[in-house]
>>> print(open('run_28.csv').read())   # CSV, C-alpha atoms
chain,number,residue,atom,x,y,z
A,5,MET,CA,91.8,108.9,105.5
A,6,GLN,CA,94.7,106.5,105.7
A,7,THR,CA,98.3,107.8,105.7
A,8,GLU,CA,99.6,105.8,102.7
A,9,PRO,CA,97.5,107.4,100.0
A,10,LEU,CA,98.3,110.8,101.3
A,11,LEU,CA,102.0,110.1,101.3
A,12,TYR,CA,101.8,108.7,97.8
A,13,GLU,CA,100.0,111.8,96.6
A,14,ALA,CA,102.4,114.2,98.3
A,15,TYR,CA,105.7,112.4,97.6
A,16,GLY,CA,105.3,109.3,95.5
A,17,VAL,CA,103.8,110.8,92.3
A,18,THR,CA,106.6,113.3,92.3
A,19,GLY,CA,109.3,110.6,92.6
A,20,GLN,CA,110.6,112.1,95.8
A,21,VAL,CA,109.8,109.0,97.8
A,22,VAL,CA,109.8,105.3,96.7
A,23,HIS,CA,107.9,102.9,98.9
A,24,VAL,CA,109.7,99.6,99.4
A,25,PHE,CA,108.0,96.8,101.2
A,26,ARG,CA,109.9,94.2,103.2
A,27,HIS,CA,108.3,91.1,104.8
A,28,PHE,CA,108.3,90.8,108.6
A,29,PRO,CA,105.7,88.2,109.6
A,30,LEU,CA,105.4,88.1,113.4
A,31,ASP,CA,105.3,84.7,114.8
A,32,ILE,CA,102.7,85.7,117.4
A,33,HIS,CA,100.2,85.7,114.5
A,34,PRO,CA,100.0,82.0,113.3
A,35,ASN,CA,98.7,82.9,109.8
A,36,ALA,CA,101.0,85.8,109.2
A,37,PRO,CA,103.7,83.7,107.4
A,38,ALA,CA,101.0,82.3,105.1
A,39,ALA,CA,99.6,85.9,104.5
A,40,HIS,CA,103.1,87.1,103.6
A,41,LYS,CA,103.6,84.1,101.2
A,42,ALA,CA,100.2,84.9,99.6
A,43,ALA,CA,101.2,88.5,98.9
A,44,TYR,CA,104.7,87.5,97.8
A,45,CYS,CA,103.4,84.8,95.4
A,46,ALA,CA,100.8,87.1,93.9
A,47,GLY,CA,103.5,89.8,93.4
A,48,GLN,CA,105.9,87.4,91.8
A,49,GLN,CA,103.5,87.3,88.9
A,50,GLU,CA,103.0,91.1,88.7
A,51,PRO,CA,103.9,93.8,91.2
A,52,LYS,CA,100.4,95.3,91.2
A,53,LEU,CA,99.1,91.9,92.3
A,54,PHE,CA,101.3,92.2,95.4
A,55,TRP,CA,99.8,95.5,96.3
A,56,ALA,CA,96.3,94.3,95.6
A,57,MET,CA,96.8,91.4,97.9
A,58,HIS,CA,98.5,93.6,100.5
A,59,ASP,CA,95.6,96.0,100.4
A,60,TRP,CA,93.1,93.1,100.9
A,61,LEU,CA,95.0,91.4,103.7
A,62,PHE,CA,95.1,94.3,106.2
A,63,PRO,CA,91.4,95.3,106.3
A,64,ASN,CA,90.4,91.6,106.2
A,65,GLN,CA,92.6,90.4,109.1
A,66,GLN,CA,89.6,89.6,111.3
A,67,GLY,CA,88.5,87.0,108.8
A,68,TRP,CA,91.8,85.1,108.4
A,69,GLN,CA,93.9,86.0,111.5
A,70,SER,CA,92.2,83.4,113.8
A,71,ALA,CA,91.1,81.0,111.2
A,72,SER,CA,92.6,77.6,110.9
A,73,ALA,CA,95.7,77.4,108.7
A,74,THR,CA,93.7,75.6,106.0
A,75,ALA,CA,90.8,78.1,106.1
A,76,ALA,CA,93.2,81.0,105.9
A,77,ALA,CA,95.2,79.5,103.0
A,78,GLU,CA,91.9,79.0,101.2
A,79,GLN,CA,90.9,82.7,101.7
A,80,PHE,CA,94.3,83.8,100.5
A,81,ARG,CA,94.1,81.6,97.4
A,82,THR,CA,90.6,82.7,96.6
A,83,GLN,CA,91.6,86.4,96.9
A,84,ALA,CA,94.8,85.9,94.8
A,85,LEU,CA,92.8,84.4,92.0
A,86,ALA,CA,90.1,87.1,92.3
A,87,ILE,CA,92.7,89.8,91.8
A,88,GLY,CA,94.1,88.0,88.7
A,89,ALA,CA,96.8,85.7,89.8
A,90,ASP,CA,97.4,82.6,87.8
A,91,ALA,CA,96.4,79.6,90.0
A,92,SER,CA,99.2,77.3,88.8
A,93,ALA,CA,102.0,79.9,89.3
A,94,TYR,CA,100.5,80.9,92.6
A,95,ASP,CA,100.4,77.3,93.9
A,96,ALA,CA,103.9,76.6,92.7
A,97,CYS,CA,105.3,79.7,94.3
A,98,LEU,CA,103.7,78.7,97.7
A,99,THR,CA,105.7,75.4,97.7
A,100,ASP,CA,108.9,76.8,96.3
A,101,ALA,CA,111.7,76.9,98.9
A,102,GLN,CA,112.9,80.2,97.4
A,103,THR,CA,109.7,81.8,98.6
A,104,GLU,CA,110.4,81.0,102.2
A,105,THR,CA,114.1,82.0,101.7
A,106,ALA,CA,113.1,85.4,100.3
A,107,ILE,CA,110.7,86.1,103.2
A,108,GLN,CA,113.2,84.9,105.8
A,109,LYS,CA,115.9,87.2,104.3
A,110,ASP,CA,113.6,90.2,104.7
A,111,LEU,CA,112.8,89.1,108.3
A,112,GLN,CA,116.4,88.7,109.2
A,113,ALA,CA,117.3,92.1,107.7
A,114,GLY,CA,114.5,93.7,109.7
A,115,ALA,CA,115.7,92.1,112.9
A,116,GLU,CA,119.2,93.3,112.2
A,117,LEU,CA,117.8,96.8,111.9
A,118,GLY,CA,116.1,96.5,115.2
A,119,VAL,CA,112.5,96.0,114.0
A,120,ARG,CA,110.5,94.3,116.7
A,121,GLY,CA,107.0,95.0,115.5
A,122,THR,CA,104.9,96.1,112.6
A,123,PRO,CA,104.4,98.4,111.0
A,124,ALA,CA,108.0,99.7,111.0
A,125,PHE,CA,109.4,102.3,108.5
A,126,PHE,CA,112.7,103.7,107.6
A,127,ILE,CA,112.9,107.0,105.8
A,128,GLU,CA,116.2,107.1,104.0
A,129,LYS,CA,118.1,109.7,102.1
A,130,LEU,CA,120.5,108.5,99.5
A,131,GLY,CA,123.8,110.2,98.9
A,132,ALA,CA,125.3,111.1,95.5
A,133,ASP,CA,126.9,107.6,95.4
A,134,GLY,CA,123.4,106.0,95.7
A,135,LYS,CA,124.1,104.6,99.2
A,136,VAL,CA,122.1,105.5,102.3
A,137,ALA,CA,123.4,108.8,103.7
A,138,GLU,CA,120.9,109.2,106.5
A,139,LYS,CA,118.1,107.0,108.0
A,140,ARG,CA,115.2,107.8,110.2
A,141,PRO,CA,113.2,105.0,111.8
A,142,LEU,CA,109.5,105.3,112.4
A,143,SER,CA,107.4,102.7,114.2
A,144,GLY,CA,103.7,102.2,114.4
A,145,ALA,CA,100.7,103.3,112.4
A,146,LEU,CA,101.5,107.0,112.6
A,147,PRO,CA,99.6,110.0,111.2
A,148,TYR,CA,100.6,111.7,107.9
A,149,GLU,CA,102.1,114.6,109.7
A,150,GLN,CA,104.8,112.5,111.4
A,151,PHE,CA,105.8,110.9,108.2
A,152,SER,CA,105.7,114.2,106.4
A,153,GLN,CA,107.9,115.8,109.0
A,154,ALA,CA,110.5,113.0,108.8
A,155,ILE,CA,110.5,113.1,105.0
A,156,ASP,CA,110.7,116.8,104.7
A,157,GLY,CA,113.6,116.8,107.2
A,158,LEU,CA,115.5,114.6,104.9
A,159,LEU,CA,114.5,116.4,101.7
A,160,ASP,CA,115.7,119.8,103.0
>>> encode(input="run_28.csv", output="structure tokens")
Amino acid sequence: MQTEPLLYEAYGVTGQVVHVFRHFPLDIHPNAPAAHKAAYCAGQQEPKLFWAMHDWLFPNQQGWQSASATAAAEQFRTQALAIGADASAYDACLTDAQTETAIQKDLQAGAELGVRGTPAFFIEKLGADGKVAEKRPLSGALPYEQFSQAIDGLLD
């Protein structure tokens, strides 16, 4: 079983952990920026559409990763509409300069934190003032046990 559902069941439903996604499209994958835009634009309509798009993009990488830019964009749009995104709003978002700005802001923040690849995670503990008191980076598609150990170490 994948790690994410296990973490959500153990920590997310209790409110102990909040999962925050940041965009970090790697330029070594030509269609990655378009994939990020697709998820972002679906999510601008409704957060659950972001996660539905996200959950479709990863297992379907083989179909869009090496496709032409046009073919990949068509796949993304087809999927966005299939999950319930409004076509006009989706299309407008894709061409809106603010979309690129938002994704680039996430990319820059990740680079400043030392992210060099994906997936990359930061397990953070907030202090009483609401600011990050402690941060533990994790890199790669790691097993549940490694996440659990990092999270539990901050919760204690």
>>> closest_atom_pairs(input="run_28.csv", of="region 14-62 of chain A", to="region 125-137 of chain A", cutoff="12 Å", atoms="only C-alpha atoms", output="CSV")
residue,atom,partner,partner_atom,distance
A:Gln20,CA,A:Lys129,CA,10.1
A:Val21,CA,A:Ile127,CA,8.8
A:Val22,CA,A:Ile127,CA,9.8
A:His23,CA,A:Ile127,CA,9.5
A:Val24,CA,A:Phe125,CA,9.5
A:Phe25,CA,A:Phe125,CA,9.2
A:Arg26,CA,A:Phe125,CA,9.7
A:His27,CA,A:Phe125,CA,11.8
A:Phe28,CA,A:Phe125,CA,11.6
>>> residues_near_point(input="run_28.csv", point="(95.3, 104.6, 114.6)", cutoff="10 Å", atoms="only C-alpha atoms", output="list in words")
Gln6, Thr7, Gly144, Ala145, Leu146 and Pro147 of chain A
>>> write_last_selection(input="run_28.csv", atoms="C-alpha atoms", output="PDB file, in the coordinates of the input")
ATOM      1  CA  GLN A   6      94.700 106.500 105.700  1.00  0.00           C
ATOM      2  CA  THR A   7      98.300 107.800 105.700  1.00  0.00           C
ATOM      3  CA  GLY A 144     103.700 102.200 114.400  1.00  0.00           C
ATOM      4  CA  ALA A 145     100.700 103.300 112.400  1.00  0.00           C
ATOM      5  CA  LEU A 146     101.500 107.000 112.600  1.00  0.00           C
ATOM      6  CA  PRO A 147      99.600 110.000 111.200  1.00  0.00           C
TER       7      PRO A 147
END
>>> closest_residue(input="run_28.csv", among="A:Val17, A:Ile87, A:Ala71, A:Ala154", to="Ala43 (chain A)", atoms="only C-alpha atoms")
A:Ile87
>>> atom_distance(input="run_28.csv", atom1="CA of Gln79 (chain A)", atom2="CA of Ala101 (chain A)")
21.8 Å
>>> atom_distance(input="run_28.csv", atom1="CA of Glu149 (chain A)", atom2="CA of Leu53 (chain A)")
28.8 Å
>>> closest_residue(input="run_28.csv", among="A:Val119, A:Leu159, A:Ile32, A:Ala38", to="Thr74 (chain A)", atoms="only C-alpha atoms")
A:Ala38
>>> atom_distance(input="run_28.csv", atom1="CA of Gly19 (chain A)", atom2="CA of Lys139 (chain A)")
18.1 Å
>>> residues_around(input="run_28.csv", residues="Phe80 (chain A)", least_positions_apart="5", cutoff="9 Å", atoms="only C-alpha atoms", output="ChimeraX atom specification")
/A:38-39,42-43,57,61,68,75,85
>>> closest_residue(input="run_28.csv", among="A:Thr82, A:Pro29, A:Pro9, A:Lys52", to="Gln112 (chain A)", atoms="only C-alpha atoms")
A:Pro29
>>> residues_around(input="run_28.csv", residues="Ala106 (chain A)", least_positions_apart="3", cutoff="10 Å", atoms="only C-alpha atoms", output="VMD selection string")
chain A and resid 26 to 27 41 44 101 to 103 109 to 111
>>> closest_residue(input="run_28.csv", among="A:Pro123, A:Gly67, A:Gly118, A:Gly157", to="Leu30 (chain A)", atoms="only C-alpha atoms")
A:Pro123
>>> residues_around(input="run_28.csv", residues="Ser72 (chain A)", least_positions_apart="4", cutoff="9 Å", atoms="all atoms listed in the file", output="count of residues only")
5
>>> closest_residue(input="run_28.csv", among="A:Ser143, A:His58, A:His33, A:Ala86", to="Gly121 (chain A)", atoms="only C-alpha atoms")
A:Ser143
>>> closest_residue(input="run_28.csv", among="A:Ala36, A:Thr18, A:Glu8, A:Arg140", to="Ile107 (chain A)", atoms="all atoms listed in the file")
A:Ala36
>>> decode(input="run_28.csv", residues="region 24-52 of chain A", atoms="N, CA, C and O atoms", output="mmCIF file, in the first residue's frame")
data_model
loop_
_atom_site.group_PDB
_atom_site.id
_atom_site.type_symbol
_atom_site.label_atom_id
_atom_site.label_comp_id
_atom_site.auth_asym_id
_atom_site.auth_seq_id
_atom_site.Cartn_x
_atom_site.Cartn_y
_atom_site.Cartn_z
ATOM 1 N N VAL A 24 0.609 19.778 3.075
ATOM 2 C CA VAL A 24 0.625 20.959 2.220
ATOM 3 C C VAL A 24 1.475 20.627 1.000
ATOM 4 O O VAL A 24 2.617 20.200 1.136
ATOM 5 N N PHE A 25 0.916 20.801 -0.168
ATOM 6 C CA PHE A 25 1.624 20.508 -1.417
ATOM 7 C C PHE A 25 2.222 21.785 -1.976
ATOM 8 O O PHE A 25 1.566 22.823 -2.004
ATOM 9 N N ARG A 26 3.456 21.701 -2.423
ATOM 10 C CA ARG A 26 4.107 22.809 -3.119
ATOM 11 C C ARG A 26 4.576 22.287 -4.474
ATOM 12 O O ARG A 26 5.065 21.159 -4.585
ATOM 13 N N HIS A 27 4.456 23.126 -5.481
ATOM 14 C CA HIS A 27 4.842 22.744 -6.843
ATOM 15 C C HIS A 27 6.352 22.825 -7.003
ATOM 16 O O HIS A 27 6.980 23.797 -6.578
ATOM 17 N N PHE A 28 6.921 21.806 -7.631
ATOM 18 C CA PHE A 28 8.354 21.779 -7.907
ATOM 19 C C PHE A 28 8.593 21.003 -9.202
ATOM 20 O O PHE A 28 9.155 19.910 -9.209
ATOM 21 N N PRO A 29 8.130 21.583 -10.326
ATOM 22 C CA PRO A 29 8.304 20.878 -11.602
ATOM 23 C C PRO A 29 9.770 20.833 -12.008
ATOM 24 O O PRO A 29 10.425 21.867 -12.079
ATOM 25 N N LEU A 30 10.267 19.643 -12.236
ATOM 26 C CA LEU A 30 11.662 19.474 -12.622
ATOM 27 C C LEU A 30 11.804 19.694 -14.122
ATOM 28 O O LEU A 30 11.074 19.096 -14.917
ATOM 29 N N ASP A 31 12.767 20.523 -14.511
ATOM 30 C CA ASP A 31 12.919 20.845 -15.928
ATOM 31 C C ASP A 31 13.480 19.690 -16.757
ATOM 32 O O ASP A 31 13.495 19.766 -17.976
ATOM 33 N N ILE A 32 13.913 18.626 -16.107
ATOM 34 C CA ILE A 32 14.379 17.455 -16.858
ATOM 35 C C ILE A 32 13.199 16.668 -17.439
ATOM 36 O O ILE A 32 13.388 15.814 -18.290
ATOM 37 N N HIS A 33 11.998 16.971 -16.989
ATOM 38 C CA HIS A 33 10.781 16.358 -17.512
ATOM 39 C C HIS A 33 10.015 17.424 -18.290
ATOM 40 O O HIS A 33 9.395 18.304 -17.682
ATOM 41 N N PRO A 34 10.053 17.392 -19.617
ATOM 42 C CA PRO A 34 9.469 18.479 -20.412
ATOM 43 C C PRO A 34 7.992 18.771 -20.144
ATOM 44 O O PRO A 34 7.566 19.913 -20.241
ATOM 45 N N ASN A 35 7.210 17.779 -19.787
ATOM 46 C CA ASN A 35 5.783 18.010 -19.555
ATOM 47 C C ASN A 35 5.442 18.266 -18.086
ATOM 48 O O ASN A 35 4.273 18.459 -17.754
ATOM 49 N N ALA A 36 6.441 18.282 -17.223
ATOM 50 C CA ALA A 36 6.180 18.518 -15.799
ATOM 51 C C ALA A 36 5.558 19.886 -15.538
ATOM 52 O O ALA A 36 4.594 19.980 -14.771
ATOM 53 N N PRO A 37 6.052 20.971 -16.144
ATOM 54 C CA PRO A 37 5.399 22.264 -15.886
ATOM 55 C C PRO A 37 3.920 22.256 -16.278
ATOM 56 O O PRO A 37 3.081 22.791 -15.545
ATOM 57 N N ALA A 38 3.583 21.644 -17.404
ATOM 58 C CA ALA A 38 2.179 21.580 -17.827
ATOM 59 C C ALA A 38 1.357 20.719 -16.875
ATOM 60 O O ALA A 38 0.190 21.020 -16.599
ATOM 61 N N ALA A 39 1.953 19.661 -16.352
ATOM 62 C CA ALA A 39 1.247 18.805 -15.392
ATOM 63 C C ALA A 39 0.952 19.580 -14.113
ATOM 64 O O ALA A 39 -0.147 19.483 -13.553
ATOM 65 N N HIS A 40 1.918 20.350 -13.653
ATOM 66 C CA HIS A 40 1.707 21.172 -12.457
ATOM 67 C C HIS A 40 0.628 22.214 -12.697
ATOM 68 O O HIS A 40 -0.217 22.452 -11.837
ATOM 69 N N LYS A 41 0.656 22.834 -13.872
ATOM 70 C CA LYS A 41 -0.376 23.821 -14.200
ATOM 71 C C LYS A 41 -1.752 23.163 -14.231
ATOM 72 O O LYS A 41 -2.732 23.747 -13.771
ATOM 73 N N ALA A 42 -1.823 21.958 -14.775
ATOM 74 C CA ALA A 42 -3.108 21.258 -14.853
ATOM 75 C C ALA A 42 -3.675 21.012 -13.458
ATOM 76 O O ALA A 42 -4.859 21.276 -13.197
ATOM 77 N N ALA A 43 -2.840 20.526 -12.555
ATOM 78 C CA ALA A 43 -3.306 20.270 -11.191
ATOM 79 C C ALA A 43 -3.655 21.578 -10.487
ATOM 80 O O ALA A 43 -4.683 21.673 -9.809
ATOM 81 N N TYR A 44 -2.815 22.577 -10.662
ATOM 82 C CA TYR A 44 -3.064 23.877 -10.047
ATOM 83 C C TYR A 44 -4.394 24.451 -10.530
ATOM 84 O O TYR A 44 -5.210 24.917 -9.723
ATOM 85 N N CYS A 45 -4.610 24.431 -11.832
ATOM 86 C CA CYS A 45 -5.821 25.033 -12.399
ATOM 87 C C CYS A 45 -7.081 24.261 -12.017
ATOM 88 O O CYS A 45 -8.135 24.869 -11.795
ATOM 89 N N ALA A 46 -6.992 22.962 -11.909
ATOM 90 C CA ALA A 46 -8.142 22.198 -11.414
ATOM 91 C C ALA A 46 -8.411 22.589 -9.964
ATOM 92 O O ALA A 46 -9.547 22.843 -9.564
ATOM 93 N N GLY A 47 -7.354 22.690 -9.177
ATOM 94 C CA GLY A 47 -7.480 23.022 -7.764
ATOM 95 C C GLY A 47 -7.941 24.433 -7.490
ATOM 96 O O GLY A 47 -8.506 24.705 -6.430
ATOM 97 N N GLN A 48 -7.721 25.337 -8.431
ATOM 98 C CA GLN A 48 -8.205 26.701 -8.253
ATOM 99 C C GLN A 48 -9.728 26.744 -8.235
ATOM 100 O O GLN A 48 -10.313 27.654 -7.655
ATOM 101 N N GLN A 49 -10.347 25.753 -8.838
ATOM 102 C CA GLN A 49 -11.807 25.683 -8.835
ATOM 103 C C GLN A 49 -12.324 25.073 -7.545
ATOM 104 O O GLN A 49 -13.333 25.508 -7.007
ATOM 105 N N GLU A 50 -11.611 24.067 -7.075
ATOM 106 C CA GLU A 50 -12.009 23.378 -5.851
ATOM 107 C C GLU A 50 -10.825 22.526 -5.385
ATOM 108 O O GLU A 50 -10.270 21.770 -6.182
ATOM 109 N N PRO A 51 -10.414 22.613 -4.118
ATOM 110 C CA PRO A 51 -9.245 21.850 -3.661
ATOM 111 C C PRO A 51 -9.318 20.355 -3.955
ATOM 112 O O PRO A 51 -8.307 19.747 -4.305
ATOM 113 N N LYS A 52 -10.493 19.770 -3.843
ATOM 114 C CA LYS A 52 -10.573 18.323 -4.094
ATOM 115 C C LYS A 52 -10.231 17.993 -5.545
ATOM 116 O O LYS A 52 -9.766 16.897 -5.836
#
